[in-house]
Amino acid sequence: MLPLHSGHPGTESVLIVALALVVVAAAIALTRDGWSRVGALAGVALLSAGTRGLIGSLGFGGAEWVHLAAHGLEIGAIALTAITVYYALFDARIATAVDG
């Protein structure tokens, strides 16, 4: 069991910790405004999905804890993509320069 999340076996803890890392990165991205927020969220989603893809392509997914961590990253990337689309469509403000 990992000390960061006691009460679960080690493999379940890895899934929870991977999701927590994605949530913390998303929370930091949400502190930005406008299109900067959208870009930061998209960056976190791409980093999460890229790490998941790297784990799969390098063949590290054989161990159960790595496999579950990859699923945590995958779930995080899907959720962040949905949040990014929401902010891009409904919440990003277009800043225009005004003379005078």
# chains A, B, ... in the order shown; residues from 1 in each chain; ligands from 1
call {"tool": "residues_around", "arguments": {"residues": "Glu74 of chain A", "least_positions_apart": "3", "cutoff": "12 Å", "atoms": "only C-alpha atoms", "output": "short mmCIF file (atom, residue, chain, number, x, y, z; two decimals) with all heavy atoms, in the first residue's frame"}}
result
data_model
loop_
_atom_site.label_atom_id
_atom_site.label_comp_id
_atom_site.auth_asym_id
_atom_site.auth_seq_id
_atom_site.Cartn_x
_atom_site.Cartn_y
_atom_site.Cartn_z
N LEU A 15 -3.72 3.72 -9.03
CA LEU A 15 -4.79 4.30 -9.84
C LEU A 15 -5.27 5.60 -9.21
O LEU A 15 -5.43 6.62 -9.90
CB LEU A 15 -5.95 3.31 -9.96
CG LEU A 15 -7.23 3.84 -10.64
CD1 LEU A 15 -6.96 4.13 -12.10
CD2 LEU A 15 -8.34 2.83 -10.48
N ALA A 18 -2.58 8.38 -9.55
CA ALA A 18 -2.49 8.87 -10.93
C ALA A 18 -3.63 9.83 -11.24
O ALA A 18 -3.43 10.89 -11.83
CB ALA A 18 -2.50 7.71 -11.92
N LEU A 19 -4.85 9.47 -10.82
CA LEU A 19 -5.98 10.37 -11.01
C LEU A 19 -5.80 11.66 -10.22
O LEU A 19 -6.13 12.74 -10.70
CB LEU A 19 -7.28 9.68 -10.60
CG LEU A 19 -7.84 8.67 -11.58
CD1 LEU A 19 -8.99 7.89 -10.95
CD2 LEU A 19 -8.32 9.37 -12.84
N VAL A 22 -3.53 14.10 -12.05
CA VAL A 22 -4.22 14.76 -13.15
C VAL A 22 -5.17 15.84 -12.62
O VAL A 22 -5.26 16.94 -13.18
CB VAL A 22 -4.98 13.73 -14.02
CG1 VAL A 22 -5.83 14.41 -15.07
CG2 VAL A 22 -4.00 12.77 -14.68
N VAL A 44 -2.54 19.86 -20.38
CA VAL A 44 -2.58 18.82 -19.36
C VAL A 44 -3.20 17.54 -19.93
O VAL A 44 -2.73 16.44 -19.68
CB VAL A 44 -3.33 19.29 -18.10
CG1 VAL A 44 -3.51 18.16 -17.12
CG2 VAL A 44 -2.59 20.45 -17.45
N ALA A 45 -4.28 17.70 -20.71
CA ALA A 45 -4.92 16.53 -21.33
C ALA A 45 -3.97 15.82 -22.28
O ALA A 45 -3.87 14.58 -22.28
CB ALA A 45 -6.20 16.94 -22.06
N LEU A 46 -3.24 16.59 -23.09
CA LEU A 46 -2.29 15.98 -24.02
C LEU A 46 -1.13 15.31 -23.28
O LEU A 46 -0.67 14.24 -23.69
CB LEU A 46 -1.75 17.04 -24.99
CG LEU A 46 -2.72 17.49 -26.07
CD1 LEU A 46 -2.14 18.67 -26.85
CD2 LEU A 46 -3.04 16.34 -27.00
N LEU A 47 -0.67 15.93 -22.21
CA LEU A 47 0.40 15.32 -21.42
C LEU A 47 -0.06 14.01 -20.80
O LEU A 47 0.66 13.01 -20.83
CB LEU A 47 0.87 16.29 -20.33
CG LEU A 47 2.04 15.83 -19.48
CD1 LEU A 47 3.29 15.64 -20.33
CD2 LEU A 47 2.30 16.85 -18.39
N SER A 48 -1.27 14.00 -20.28
CA SER A 48 -1.82 12.79 -19.68
C SER A 48 -2.00 11.70 -20.73
O SER A 48 -1.60 10.55 -20.53
CB SER A 48 -3.15 13.11 -19.00
OG SER A 48 -3.70 11.98 -18.40
N ALA A 49 -2.60 12.06 -21.87
CA ALA A 49 -2.81 11.08 -22.93
C ALA A 49 -1.48 10.61 -23.53
O ALA A 49 -1.31 9.44 -23.86
CB ALA A 49 -3.69 11.67 -24.03
N GLY A 50 -0.53 11.53 -23.66
CA GLY A 50 0.78 11.17 -24.19
C GLY A 50 1.52 10.21 -23.29
O GLY A 50 2.16 9.26 -23.76
N THR A 51 1.44 10.45 -21.98
CA THR A 51 2.07 9.53 -21.03
C THR A 51 1.42 8.17 -21.10
O THR A 51 2.09 7.13 -21.06
CB THR A 51 2.00 10.09 -19.61
OG1 THR A 51 2.56 11.40 -19.60
CG2 THR A 51 2.74 9.22 -18.63
N ARG A 52 0.09 8.15 -21.22
CA ARG A 52 -0.65 6.89 -21.35
C ARG A 52 -0.20 6.16 -22.62
O ARG A 52 0.04 4.96 -22.62
CB ARG A 52 -2.15 7.17 -21.37
CG ARG A 52 -3.05 6.03 -21.83
CD ARG A 52 -2.83 4.79 -21.01
NE ARG A 52 -3.75 3.73 -21.36
CZ ARG A 52 -3.37 2.55 -21.83
NH1 ARG A 52 -2.10 2.29 -22.05
NH2 ARG A 52 -4.24 1.61 -22.07
N GLY A 53 -0.11 6.88 -23.73
CA GLY A 53 0.33 6.28 -24.98
C GLY A 53 1.76 5.77 -24.92
O GLY A 53 2.07 4.71 -25.46
N LEU A 54 2.62 6.51 -24.24
CA LEU A 54 4.01 6.09 -24.09
C LEU A 54 4.11 4.80 -23.29
O LEU A 54 4.87 3.89 -23.65
CB LEU A 54 4.81 7.20 -23.41
CG LEU A 54 6.31 7.00 -23.33
CD1 LEU A 54 6.92 7.01 -24.72
CD2 LEU A 54 6.93 8.09 -22.47
N ILE A 55 3.31 4.70 -22.23
CA ILE A 55 3.30 3.47 -21.44
C ILE A 55 2.87 2.29 -22.30
O ILE A 55 3.48 1.22 -22.26
CB ILE A 55 2.38 3.61 -20.21
CG1 ILE A 55 3.01 4.56 -19.20
CG2 ILE A 55 2.11 2.26 -19.56
CD1 ILE A 55 2.10 4.94 -18.05
N GLY A 56 1.84 2.49 -23.11
CA GLY A 56 1.35 1.42 -23.97
C GLY A 56 2.32 1.05 -25.08
O GLY A 56 2.52 -0.13 -25.38
N HIS A 67 -0.36 -0.82 -15.36
CA HIS A 67 -1.59 -0.90 -16.14
C HIS A 67 -2.67 -0.01 -15.52
O HIS A 67 -3.36 0.73 -16.22
CB HIS A 67 -2.05 -2.36 -16.21
CG HIS A 67 -3.29 -2.57 -16.99
ND1 HIS A 67 -3.31 -2.56 -18.36
CD2 HIS A 67 -4.57 -2.77 -16.59
CE1 HIS A 67 -4.55 -2.75 -18.77
NE2 HIS A 67 -5.34 -2.88 -17.71
N LEU A 68 -2.83 -0.07 -14.21
CA LEU A 68 -3.84 0.76 -13.54
C LEU A 68 -3.48 2.23 -13.57
O LEU A 68 -4.35 3.09 -13.72
CB LEU A 68 -4.05 0.28 -12.11
CG LEU A 68 -4.83 -1.01 -11.96
CD1 LEU A 68 -4.87 -1.45 -10.51
CD2 LEU A 68 -6.23 -0.85 -12.50
N ALA A 69 -2.20 2.57 -13.44
CA ALA A 69 -1.78 3.97 -13.55
C ALA A 69 -2.10 4.50 -14.95
O ALA A 69 -2.55 5.64 -15.10
CB ALA A 69 -0.30 4.10 -13.25
N ALA A 70 -1.87 3.68 -15.97
CA ALA A 70 -2.19 4.09 -17.33
C ALA A 70 -3.68 4.34 -17.50
O ALA A 70 -4.09 5.29 -18.17
CB ALA A 70 -1.71 3.02 -18.32
N HIS A 71 -4.51 3.50 -16.89
CA HIS A 71 -5.95 3.73 -16.95
C HIS A 71 -6.34 5.02 -16.23
O HIS A 71 -7.22 5.74 -16.68
CB HIS A 71 -6.72 2.55 -16.36
CG HIS A 71 -6.88 1.42 -17.31
ND1 HIS A 71 -7.49 1.55 -18.54
CD2 HIS A 71 -6.50 0.13 -17.22
CE1 HIS A 71 -7.48 0.38 -19.16
NE2 HIS A 71 -6.88 -0.50 -18.37
N ALA A 77 -7.39 12.10 -18.97
CA ALA A 77 -7.31 12.77 -20.27
C ALA A 77 -8.69 12.93 -20.90
O ALA A 77 -9.00 13.97 -21.48
CB ALA A 77 -6.39 11.98 -21.20
N ILE A 78 -9.53 11.92 -20.76
CA ILE A 78 -10.88 12.01 -21.32
C ILE A 78 -11.69 13.09 -20.60
O ILE A 78 -12.34 13.92 -21.24
CB ILE A 78 -11.59 10.63 -21.23
CG1 ILE A 78 -10.92 9.65 -22.19
CG2 ILE A 78 -13.08 10.76 -21.53
CD1 ILE A 78 -11.33 8.21 -21.99
N ALA A 79 -11.62 13.11 -19.28
CA ALA A 79 -12.35 14.12 -18.51
C ALA A 79 -11.83 15.52 -18.82
O ALA A 79 -12.62 16.47 -18.99
CB ALA A 79 -12.24 13.82 -17.03
N LEU A 80 -10.52 15.68 -18.92
CA LEU A 80 -9.96 16.99 -19.22
C LEU A 80 -10.31 17.46 -20.62
O LEU A 80 -10.50 18.65 -20.85
CB LEU A 80 -8.44 16.97 -19.06
CG LEU A 80 -7.96 17.10 -17.63
CD1 LEU A 80 -6.46 16.90 -17.56
CD2 LEU A 80 -8.34 18.45 -17.07
N THR A 81 -10.40 16.55 -21.56
CA THR A 81 -10.82 16.93 -22.91
C THR A 81 -12.24 17.48 -22.89
O THR A 81 -12.53 18.49 -23.53
CB THR A 81 -10.70 15.74 -23.87
OG1 THR A 81 -9.34 15.29 -23.87
CG2 THR A 81 -11.12 16.10 -25.27
#
call {"tool": "closest_residue", "arguments": {"among": "A:Val14, A:Val23, A:Ile28, A:Leu41", "to": "Ala82 of chain A", "atoms": "only C-alpha atoms"}}
result
A:Leu41
call {"tool": "closest_residue", "arguments": {"among": "A:Val24, A:Val66, A:Ile83, A:Ile75", "to": "Glu12 of chain A", "atoms": "only C-alpha atoms"}}
result
A:Val66
call {"tool": "atom_distance", "arguments": {"atom1": "atom CA of Gly43 of chain A", "atom2": "atom CA of Tyr86 of chain A"}}
result
15.0 Å
call {"tool": "residues_around", "arguments": {"residues": "Ala29 of chain A", "least_positions_apart": "2", "cutoff": "10 Å", "atoms": "only C-alpha atoms", "output": "ChimeraX atom specification"}}
result
/A:23-27,31-33,36-44
call {"tool": "write_last_selection", "arguments": {"atoms": "N, CA, C and O atoms", "output": "tab-separated table (two decimals), in the first residue's frame"}}
result
chain	number	residue	atom	x	y	z
A	23	VAL	N	-5.85	15.56	-11.52
A	23	VAL	CA	-6.77	16.54	-10.93
A	23	VAL	C	-6.01	17.77	-10.45
A	23	VAL	O	-6.45	18.91	-10.66
A	24	VAL	N	-4.87	17.59	-9.81
A	24	VAL	CA	-4.07	18.72	-9.33
A	24	VAL	C	-3.57	19.56	-10.52
A	24	VAL	O	-3.64	20.79	-10.50
A	25	ALA	N	-3.11	18.91	-11.57
A	25	ALA	CA	-2.66	19.65	-12.76
A	25	ALA	C	-3.82	20.41	-13.39
A	25	ALA	O	-3.66	21.55	-13.83
A	26	ALA	N	-5.01	19.81	-13.41
A	26	ALA	CA	-6.18	20.50	-13.96
A	26	ALA	C	-6.57	21.68	-13.08
A	26	ALA	O	-6.95	22.74	-13.59
A	27	ALA	N	-6.47	21.54	-11.77
A	27	ALA	CA	-6.80	22.64	-10.87
A	27	ALA	C	-5.86	23.82	-11.09
A	27	ALA	O	-6.28	24.98	-11.08
A	31	THR	N	-6.77	27.94	-12.91
A	31	THR	CA	-6.52	29.25	-12.32
A	31	THR	C	-6.25	30.31	-13.38
A	31	THR	O	-6.21	31.49	-13.06
A	32	ARG	N	-6.08	29.93	-14.61
A	32	ARG	CA	-5.82	30.87	-15.70
A	32	ARG	C	-7.14	31.44	-16.22
A	32	ARG	O	-8.20	30.97	-15.84
A	33	ASP	N	-7.06	32.43	-17.09
A	33	ASP	CA	-8.27	33.06	-17.62
A	33	ASP	C	-8.34	32.92	-19.14
A	33	ASP	O	-7.32	32.84	-19.82
A	36	SER	N	-6.13	31.23	-22.36
A	36	SER	CA	-4.98	30.66	-21.65
A	36	SER	C	-5.42	29.45	-20.83
A	36	SER	O	-4.70	28.46	-20.74
A	37	ARG	N	-6.62	29.52	-20.24
A	37	ARG	CA	-7.17	28.38	-19.49
A	37	ARG	C	-7.41	27.20	-20.42
A	37	ARG	O	-7.09	26.06	-20.09
A	38	VAL	N	-7.98	27.49	-21.58
A	38	VAL	CA	-8.27	26.42	-22.55
A	38	VAL	C	-6.96	25.76	-22.99
A	38	VAL	O	-6.86	24.53	-23.04
A	39	GLY	N	-5.95	26.57	-23.27
A	39	GLY	CA	-4.66	26.02	-23.68
A	39	GLY	C	-4.00	25.20	-22.59
A	39	GLY	O	-3.42	24.15	-22.85
A	40	ALA	N	-4.09	25.69	-21.35
A	40	ALA	CA	-3.48	24.95	-20.22
A	40	ALA	C	-4.20	23.62	-20.00
A	40	ALA	O	-3.56	22.60	-19.77
A	41	LEU	N	-5.53	23.63	-20.07
A	41	LEU	CA	-6.28	22.37	-19.91
A	41	LEU	C	-5.96	21.39	-21.04
A	41	LEU	O	-5.79	20.20	-20.81
A	42	ALA	N	-5.89	21.92	-22.26
A	42	ALA	CA	-5.55	21.05	-23.39
A	42	ALA	C	-4.14	20.49	-23.23
A	42	ALA	O	-3.89	19.32	-23.54
A	43	GLY	N	-3.22	21.30	-22.73
A	43	GLY	CA	-1.86	20.83	-22.50
A	43	GLY	C	-1.79	19.71	-21.47
A	43	GLY	O	-1.09	18.72	-21.66
A	44	VAL	N	-2.54	19.86	-20.38
A	44	VAL	CA	-2.58	18.82	-19.36
A	44	VAL	C	-3.20	17.54	-19.93
A	44	VAL	O	-2.73	16.44	-19.68
call {"tool": "atom_distance", "arguments": {"atom1": "atom CA of Phe90 of chain A", "atom2": "atom CA of Leu30 of chain A"}}
result
14.5 Å
call {"tool": "closest_residue", "arguments": {"among": "A:Asp91, A:Val85, A:Gly34, A:Ile16", "to": "Leu73 of chain A", "atoms": "only C-alpha atoms"}}
result
A:Ile16
